[in-house]
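Heads up, the thing below is written out as structure tokens.
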Amino acid sequence: MDENIRPKSVIVIFGATGDLAKRKLFPSIYNLYKKGKLSENFAVVGLARRPWTDEILRENVEQSIKDAKSTDEDKNLADFVSHFYYRSFDVTNDASYDDLNRLIIDLEGEYQTEGNRLFYLAMAPNFFGLIAKKLKEYGLKETSGWTRLIIEKPFGVNLETAKELNNEIRQAFDENQIYRIDHYLGKEMVQNIEVIRFANGIFEHLWNNQFISNIQITASELLGVEERARYYDESGAARDMLQNHILQMVALLLMEPPINLTTDEIRSEKIKVLRALRKIGPEKVDNYFVRGQYDSGEINGEAVPSYREEDEALAESSTETYVAGKLTIDNYRWAGVPIYVRTGKRLAEKTVNITVQFKDLPMNLYYKSDNERHPNLLSINIQPDAGITLVINANKSGAGSLAEPIELSYNQNEVPGINTPEAYEKLLYDCTIGDATNFTHWDEVALSWEFVDPILEAWSNSKPNFPNYKSGSMGPKEADELLEKDGFHWWDL
Ligand code: NAP
């Protein structure tokens, strides 16, 4: 894909007064503009019910950019915000869509955007199907340029609801016009997984069950549910993190090398991994998965309440704020290699990390004893520090003739001049140039739900003994036992 394309487009944001627009979308569009990745030929239409005006939206956009950059000085800002327009709009009211079409046609004339229209649905998912339908019904897709639809997560709450939503959207938009956001796919180091694997013989030649003993993925948060308690309680960790972000990372880590770097080829390899992911029937879920909910505890020296104390509506909640699991991929390359995953809130640290543990040598004369093995590890750090660490054994000075693990590290945040773009910035740009590689295809969504549904089903049929982990810990002890049974432990790099 040509990185120098400067797209022309009208961007319509449904939910422009909301949190996502303020914290992520406005600053990302601004960064693209500043970096010259968006031409002057663009306009943004913000929609929501609030009786805002163009001026109020512009003030809000300006403020959100200042908040994101924590600086007030920018001569470009006034020019930039002049491209923003607001309409008070209820998505359930048909009359609104005609007005919107007229406004877009006017803006297309004024900004010469060649009929390209990007619709961003930054709203509650129950409106996604309705909006897509109305956009088609009221002729908003009839244009001389392209039309694309960006959809936020969650995409359904199980396979059935995801199918319903998909059917609704597909009646209005083709699969190649639908961009389902998984913002993890916009993260620099998640995109780097493919490069690390397929541009390095030292890893790719060893990337299989002959040389890798297990793979671990950790996505841990310090924060609890904060003000999103009621929303989160409907979702839980398996829906919020496992079904989408974690399974996407699994697919990227385990897929076969694509024959080229096109969207279709990469997606097709990822889909094959998800097809090879062994489904776990509800009766076996307890052997492979652990759920948890945080109790009170301490984070950074401060006392924090339990999940059930966060909001009175959660007082008896059985929603999981933690999930750990062992995944198995039934294909030639990965048979026998456990993939351990864990994610949770109010844990001891905020990190997203992938650790690949290589098999030990059959005999290592440099180990003190059999109990003290230091396997080679490749750790891909996604956040907060984007980087890679390779753990190898060497003879540190003063350590006699024995091997000691040493870490070879590259930390992207420490390289001067590198300013890692926000995931949303990358994804918005990809959408404007028509590159869907880092968005989720429907088949990936469906296969992920097929895997997660039986786990949720098993959990819904039994009452957990919650809370079962202290805030500030790394989760329930059963999650450690899951690996101990196989002779492994979680790495913390
Ligand atoms: P939010 O703050 O609640 O914003 C919802 C927006 O929808 C508001 O602008 C609201 O404005 C508008 N709205 C509600 N009902 C409407 C109607 N009938 N007609 C027109 N506009 C209406 O939600 P959010 O946090 O921005 O999240 C938006 C989407 O992004 C959700 O799907 C969420 O799951 C997803 N998401 C958000 C985040 C995040 O960090 N916030 C992260 C990942 C995914 P009015 O009240 O003025 O109408």
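Every chain in the structure tokens has a letter given in the order shown (A, B, ...), and although residue numbers restart at 1 in each chain, ligands are simply numbered from 1 in the order shown.
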
Can you pull out every residue within 8 Å of Lys279 in chain A, counting only C-alpha atoms, but drop anything in the same chain fewer than 2 positions away, and send it as a PDB file with N, CA, C and O atoms, in the first residue's frame?
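Saved as selection_18.pdb:
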```
ATOM      1  N   LEU A 277      -8.111 -23.837  15.937  1.00  0.00           N
ATOM      2  CA  LEU A 277      -8.175 -23.667  17.394  1.00  0.00           C
ATOM      3  C   LEU A 277      -9.156 -24.693  17.959  1.00  0.00           C
ATOM      4  O   LEU A 277     -10.321 -24.718  17.565  1.00  0.00           O
ATOM      5  N   GLY A 281     -15.480 -28.111  24.811  1.00  0.00           N
ATOM      6  CA  GLY A 281     -16.892 -28.290  25.170  1.00  0.00           C
ATOM      7  C   GLY A 281     -17.145 -27.771  26.580  1.00  0.00           C
ATOM      8  O   GLY A 281     -16.227 -27.772  27.416  1.00  0.00           O
ATOM      9  N   GLU A 450     -17.284 -18.753  18.055  1.00  0.00           N
ATOM     10  CA  GLU A 450     -17.490 -20.211  18.154  1.00  0.00           C
ATOM     11  C   GLU A 450     -16.605 -20.810  19.242  1.00  0.00           C
ATOM     12  O   GLU A 450     -16.977 -21.762  19.908  1.00  0.00           O
ATOM     13  N   PHE A 451     -15.424 -20.240  19.397  1.00  0.00           N
ATOM     14  CA  PHE A 451     -14.515 -20.731  20.428  1.00  0.00           C
ATOM     15  C   PHE A 451     -14.948 -20.279  21.823  1.00  0.00           C
ATOM     16  O   PHE A 451     -14.915 -21.058  22.787  1.00  0.00           O
TER      17      PHE A 451
END
```

**Message:** Please identify all protein, DNA and RNA residues within 10 Å of ligand 1, counting only C-alpha atoms and all ligand atoms, and report them as number ranges by chain.
**Reply:** A: 13-25, 46-52, 87-93, 96, 120-128, 131, 151-155, 181-183, 228, 231-232, 240

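Among the candidates A:Lys463, A:His205, A:Gln357, A:Glu404, the residue lying nearest to Pro338 in chain A is A:Gln357 (atoms considered: only C-alpha atoms).
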
**Per-residue DSSP, range 5-254 of chain A, filtered to strand (DSSP E or B), as a ChimeraX atom specification** = /A:9-14,42-48,84-88,117-121,147-151,178-180,212-220

Please provide as a CSV table (one decimal) with C-alpha atoms, in the first residue's frame all residues within 12 Å of Pro362 in chain A, with the sequence filter that same-chain residues fewer than 2 positions apart are discarded (counting only C-alpha atoms).
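part_14.csv, freshly written:
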```csv
chain,number,residue,atom,x,y,z
A,211,PHE,CA,11.6,-25.9,19.0
A,359,LYS,CA,12.6,-25.8,24.2
A,360,ASP,CA,15.6,-26.7,26.3
A,364,ASN,CA,23.1,-28.5,28.8
A,365,LEU,CA,26.4,-28.8,30.6
A,367,TYR,CA,23.3,-25.5,34.0
A,370,ASP,CA,18.3,-29.8,36.3
A,373,ARG,CA,17.0,-24.2,33.8
A,375,PRO,CA,15.2,-21.5,28.6
```
